[in-house]
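*Asks:* Okay, handing you the structure first.
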Number of protein chains: 2
Amino acid sequence: MAKAENHRRPRRKQRTSRDLIEAPACLTRRIPPYELLDEGALVELENHAEWLLSEIGIEIRGDPVALGLFREAGATVDGELLRFDRGHLRSLCATAPRSYTMHARNPGKNIEFGGDRLIFGPAYGAPFVTDLERGRRYGTLEDFQNFVKLTYLSPWLQHQSGTICEPVDVAVNKRHLDMIYAHLRYSDKPFMGSVTAPERAEDSLAMARIVFGDDFMQQNLVIQGNINVNSPLVYDNTMTAALRTYAAANQGNVISPFIVGGAMSPVTQPATIAQAHAEAMVGIALTQLVRKGAPVVYGSFLTTMDLKSGAPTFGTPESTLATLAIAQLSRRLGLPFRCGGHLTASKLADAQAMQESTNAMNPAIMAGANFIFQAAGWLESGLTIGYEKFVIDVEQCGALARVVQGLQIDADQLAVDAYREAGAGTSFLGVGHTLRHYRSANYRADLCDAGSFEQWSETGGKDMRQRAFERWRQMLAEYVAPPLDPEIDEALLEFIARRKASMDDAWL
Amino acid sequence: MAKAENHRRPRRKQRTSRDLIEAPACLTRRIPPYELLDEGALVELENHAEWLLSEIGIEIRGDPVALGLFREAGATVDGELLRFDRGHLRSLCATAPRSYTMHARNPGKNIEFGGDRLIFGPAYGAPFVTDLERGRRYGTLEDFQNFVKLTYLSPWLQHQSGTICEPVDVAVNKRHLDMIYAHLRYSDKPFMGSVTAPERAEDSLAMARIVFGDDFMQQNLVIQGNINVNSPLVYDNTMTAALRTYAAANQGNVISPFIVGGAMSPVTQPATIAQAHAEAMVGIALTQLVRKGAPVVYGSFLTTMDLKSGAPTFGTPESTLATLAIAQLSRRLGLPFRCGGHLTASKLADAQAMQESTNAMNPAIMAGANFIFQAAGWLESGLTIGYEKFVIDVEQCGALARVVQGLQIDADQLAVDAYREAGAGTSFLGVGHTLRHYRSANYRADLCDAGSFEQWSETGGKDMRQRAFERWRQMLAEYVAPPLDPEIDEALLEFIARRKASMDDAWL
């Protein structure tokens, strides 16, 4: 079987945004993270997490293997409830690598986790899809493939996420095979595998091995599982078994407590932050007990609810503050950090969608997040992924990629020659300095209409959602798949056929 | 004439957002500002500003009085071009007060400028208005009055801004009288006066004196002028004359270089930042030469253009970086700082409008701005103010008011009792801690629909713009004017009648 390093880098044309500044394979952050809390407050939050772990405890339900690993490591196990001496979990997390490479099928698209790196990926997990023409409906395999293709075509998404939408037309116990195949066949960026059952995680690994080779995967990260916590303070065995499967294979896990404050944690943010920190450390420690040095991401997904209706809410001021604070805790642990995304409760790509999404994303950027999936397409509190929303969000990822580059203060940027040429009262439009810089000076967001009202009216008075509708359809119409060795393709299809033949369809 | 301190605080009902956390008269910031640049970079930018002022120079056109003041103070005056020795302007700015009170007609709505205070105000200067039903058209006095009323009703706007929209149906030389009257009659918060001619600034002051009294205004700030710079590096005499008029009366000025990089400054951000800093210092220094200690705001409005079409663009990554950096320069000068706003080039309250607006506002909040007008209603690069956009933006101001409160880490917020009551695996919805906090824990944004898709569809599947349309109409329908002493009202109307009778209508 061919290995990743032998693949040719496919010819790739920038189809989607001709005038964008060329996107690098991996973004590097050159601006400092925002420090919301001072040392004293951070220590208080850490102490509270330790109190939760030592007094309240955390359950791992239905996974004696995981409980056994923690017992051996010195935790107090009482039935399925784990308790940890202060500082113990923190020391168990210490063997997790601070930064590492994740390999893509196309080595030109390898990415780095941790440190000053920033990675964007699309939405994850929506059962519904929507677009301006067809409206909201259950997602299908075709939708899934479409979103993989759009991710491939989006220069500002460096990671494909995993279950971008649920292909509800495929049996629950088989759809992971079609999803992994789509990730491998229709794109060439890094992605996440199945976590809904240990055998599906094994299938995901097996398919990755067909492409990357077993030896390569023993030493290198090519696939991850996204591990949710059943907050408050519970891991269930589906998640811990998937976690153990990926970690045992030296592959990655993203530990993501998803907490809606008021239900899955107390309604106050400091408690929620400390709880999420405690929950994340348990998952991280488990990866290290399975295999020391296994790559892992400290994730966090903290949001709020409408306390009248119980509905989750996004991009709220409370979630902004929680995100900024937990990022600081994650930095003190030194691990790659995941948070944020273009999150919204809106049902379509309207003003609410982008107000909430931008509010949800900005603190992640300011906080110094390394990995931001749910960054494109998210709608309706994650129940729906929208085609228009997807391309709007991607353009915003490009803008944020520019923000994290920061400012460079040097003679050329200070433009002494421009002032000598123009002087007081003269436009800079025509000076040499402007002509030298105008192509690359500013990030260009094509979906934003900056023209005059008259131009805009004459071209139909379209809102951004309508322009986005045209964008994604054009992208899909022009899509060309990246090359894949036919031998590998055949092996993947054979594997899928064999696995599907071995099971009856299950729909729950 | 009655003076401000004698006015009764009017009965005020929270009409617009019944469930919002009660808004304070003035917001206090409890989170640290973001520090984008380090000391070395900031010194380089300051040095570059000094270089611009000493070598390139800045013009004041058509105002021999202002030129004379600077000559006397030691600047080099060459025709209308001013040059300053390094450090000279900075020392001229040193007498400006670092913080001060601005008095409202309703003393309960007095606000503080500078330090850790944050003030929001609506849009300023749009000739057009738009709403969902009637579309875009020229603004009228009725529109102006409507926006004053909406500002009055908006708990998250503490300042009324000034020319919220242009009442184009009133003669150019008379409309300031109607605008000042509307500010005084239909609201009771602080506001800005006319700057389009010195006699209009004098009229604004005269009308303020009718309400606040001459003695009071000798010692207290009640009205401001918003002073634009004719960038690059030019002040024209309309602006400097208005500035001198307000400063001489010991009233306020907001010095606001409005720079679209690439035309009014070089296309690179560091040059733009240094230029804006130089321009702001000239205006600030002029206020101090007119009257030492006159209240002034260091303003900045830095944005970008689409370098293909020449159209201004908002909420761009380059403008984010410039805003974050110039805030640092302003802090080093120690003056109240104005920047930001809910800015967009979009023609309506769609996804683009809120993506750009949120992006334009967030850096102002992170940067530690003290005064953010243009915070509600802005559309179409400032050419239009939108009714729907207005109420959407106001709700976002409320969310930001919560962000700047930061987190409080204490026993109650850490919710020890909630964990003792709930424990691992139990929802926190019903615990005592949640019940104690649920009313005030989270800011509630009513225009955001967080309900289910089914609920949303059943109630018409409205987007945020449609919901906002209903909101502002309801607000206007329920509006009740704050009380105004009939004697004062009569005096104001008399003054306006006399002034109007003294002039023919001018329409240019």
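Each chain of the structure tokens is named A, B, ... in the order shown, its residues numbered from 1; ligands are numbered from 1 in display order.
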Using only C-alpha atoms, determine which residues lie at most 12 Å from Glu72 in chain A, disregarding the query and same-chain residues fewer than 5 positions distant; provide the list as a list in words.
*Replies:*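 Residues meeting the cut-off are Pro64, Val65, Ala66, Leu67, Val77, Leu286, Leu289 and Val290 of chain A.
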*Asks:* Quick one: write out the picked residues with N, CA and C atoms as a PDB file, in the first residue's frame?
*Replies:*
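The resulting part-v3.pdb:
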ATOM      1  N   PRO A  64     -15.431  -0.768  32.578  1.00  0.00           N
ATOM      2  CA  PRO A  64     -14.523  -1.261  33.628  1.00  0.00           C
ATOM      3  C   PRO A  64     -13.048  -1.132  33.234  1.00  0.00           C
ATOM      4  N   VAL A  65     -12.761  -1.185  31.937  1.00  0.00           N
ATOM      5  CA  VAL A  65     -11.359  -1.056  31.511  1.00  0.00           C
ATOM      6  C   VAL A  65     -10.830   0.319  31.903  1.00  0.00           C
ATOM      7  N   ALA A  66     -11.600   1.354  31.576  1.00  0.00           N
ATOM      8  CA  ALA A  66     -11.173   2.711  31.911  1.00  0.00           C
ATOM      9  C   ALA A  66     -11.074   2.878  33.424  1.00  0.00           C
ATOM     10  N   LEU A  67     -12.075   2.351  34.150  1.00  0.00           N
ATOM     11  CA  LEU A  67     -12.035   2.450  35.608  1.00  0.00           C
ATOM     12  C   LEU A  67     -10.791   1.749  36.163  1.00  0.00           C
ATOM     13  N   VAL A  77     -11.642   4.654  43.355  1.00  0.00           N
ATOM     14  CA  VAL A  77     -12.777   4.225  42.536  1.00  0.00           C
ATOM     15  C   VAL A  77     -13.841   3.654  43.456  1.00  0.00           C
ATOM     16  N   LEU A 286      -7.023   9.868  30.613  1.00  0.00           N
ATOM     17  CA  LEU A 286      -7.335   8.519  30.139  1.00  0.00           C
ATOM     18  C   LEU A 286      -6.547   8.196  28.866  1.00  0.00           C
ATOM     19  N   LEU A 289      -3.179   7.198  29.996  1.00  0.00           N
ATOM     20  CA  LEU A 289      -3.115   5.901  30.676  1.00  0.00           C
ATOM     21  C   LEU A 289      -3.193   4.764  29.659  1.00  0.00           C
ATOM     22  N   VAL A 290      -3.912   4.997  28.568  1.00  0.00           N
ATOM     23  CA  VAL A 290      -3.978   3.991  27.501  1.00  0.00           C
ATOM     24  C   VAL A 290      -2.639   3.933  26.776  1.00  0.00           C
TER      25      VAL A 290
END
*Asks:* When you look at Val260 in chain B with a cut-off of 9 Å (counting only C-alpha atoms), what residues show up, excluding the ones that are within fewer than 5 positions of it in the same chain? I need them as number ranges by chain.
*Replies:* B: 231, 265, 267, 272, 301-305, 312-313
*Asks:* Grab the CA of Ile409 in chain A to CA of Glu44 in chain B distance for me, in Å with one decimal place.
*Replies:* 7.5 Å
*Asks:* Please return as a count of residues only: the residues of range 355-405 of chain A that backbone DSSP assigns to strand (DSSP E or B).
*Replies:* 7
*Asks:* Return the single residue from B:Glu470, B:Glu454, B:Asp236, B:Asp78 that is closest to Arg61 in chain B, with distances computed using only C-alpha atoms.
*Replies:* B:Asp236
*Asks:* Might you pull out every residue within 6 Å of Gln405 in chain B, with only C-alpha atoms counted and same-chain residues fewer than 3 positions away left off, and present them as a list in words?
*Replies:*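 Counting only C-alpha atoms, the residues come to Arg29, Arg30 and Arg402 of chain B.
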*Asks:* Write out as a VMD selection string the residues lying within 6 Å of Gly252 in chain A, counting only C-alpha atoms and excluding same-chain residues fewer than 3 positions away.
*Replies:* chain A and resid 224 295 to 296
*Asks:* Okay, now the selection with N, CA, C and O atoms, as a compact mmCIF listing (two decimals), in the first residue's frame?
*Replies:*
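That gives us part21.txt:
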# COMPACT_ATOMS: atom_id res chain seq x y z
N GLN A 224 -8.49 11.40 14.16
CA GLN A 224 -8.84 11.73 15.54
C GLN A 224 -10.27 11.33 15.84
O GLN A 224 -11.11 11.28 14.94
N PRO A 295 -1.44 11.63 21.10
CA PRO A 295 -1.81 13.02 20.85
C PRO A 295 -3.24 13.31 21.28
O PRO A 295 -4.15 12.52 21.02
N VAL A 296 -3.44 14.44 21.94
CA VAL A 296 -4.77 14.78 22.46
C VAL A 296 -4.93 16.29 22.42
O VAL A 296 -3.94 17.03 22.46
*Asks:* What is the distance between CA of Ala360 in chain A and CA of Glu166 in chain A, in Å to one decimal?
*Replies:*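 Computing it gives 23.3 Å between the two atoms.
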*Asks:* Taking into account only C-alpha atoms, which residue in the set B:Tyr443, B:Tyr246, B:Phe113, B:Tyr181 is nearest to Tyr298 in chain B?
*Replies:*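 Looking at the shortest contact to Tyr298 in chain B, the residue is B:Phe113.
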*Asks:* If we count only C-alpha atoms and set the cut-off at 9 Å, which residues sit around Ser194 in chain A, ignoring sequence neighbours fewer than 4 positions away in its own chain? Please answer as a PyMOL selection string.
*Replies:* chain A and resi 162-163+176-177+179-180+198+200-204+224-226+242
*Asks:* Of the residues B:Tyr34, B:Cys165, B:Gln455, B:Gly40, which is the one nearest to Pro122 in chain B, using only C-alpha atoms?
*Replies:*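 Residue with the minimum atom-to-atom distance to Pro122 in chain B: B:Cys165.
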*Asks:* Could you tell me how far CA of Gln288 in chain A sits from CA of Gly87 in chain A, in Å to one decimal place?
*Replies:* 15.7 Å
*Asks:* Select, from B:Ala481, B:Cys397, B:Ile56, B:Ala247, the residue with the minimum atom-to-atom distance to Gly377 in chain B, counting only C-alpha atoms.
*Replies:*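 Using only C-alpha atoms, the shortest distance to Gly377 in chain B belongs to B:Cys397.
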*Asks:* Let me make sure I understand: among A:Phe314, A:Phe120, A:Trp472, A:Phe495, which one has the smallest atom-to-atom distance to chain B if we use only C-alpha atoms?
*Replies:*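 Closest to chain B, using only C-alpha atoms: A:Phe314.
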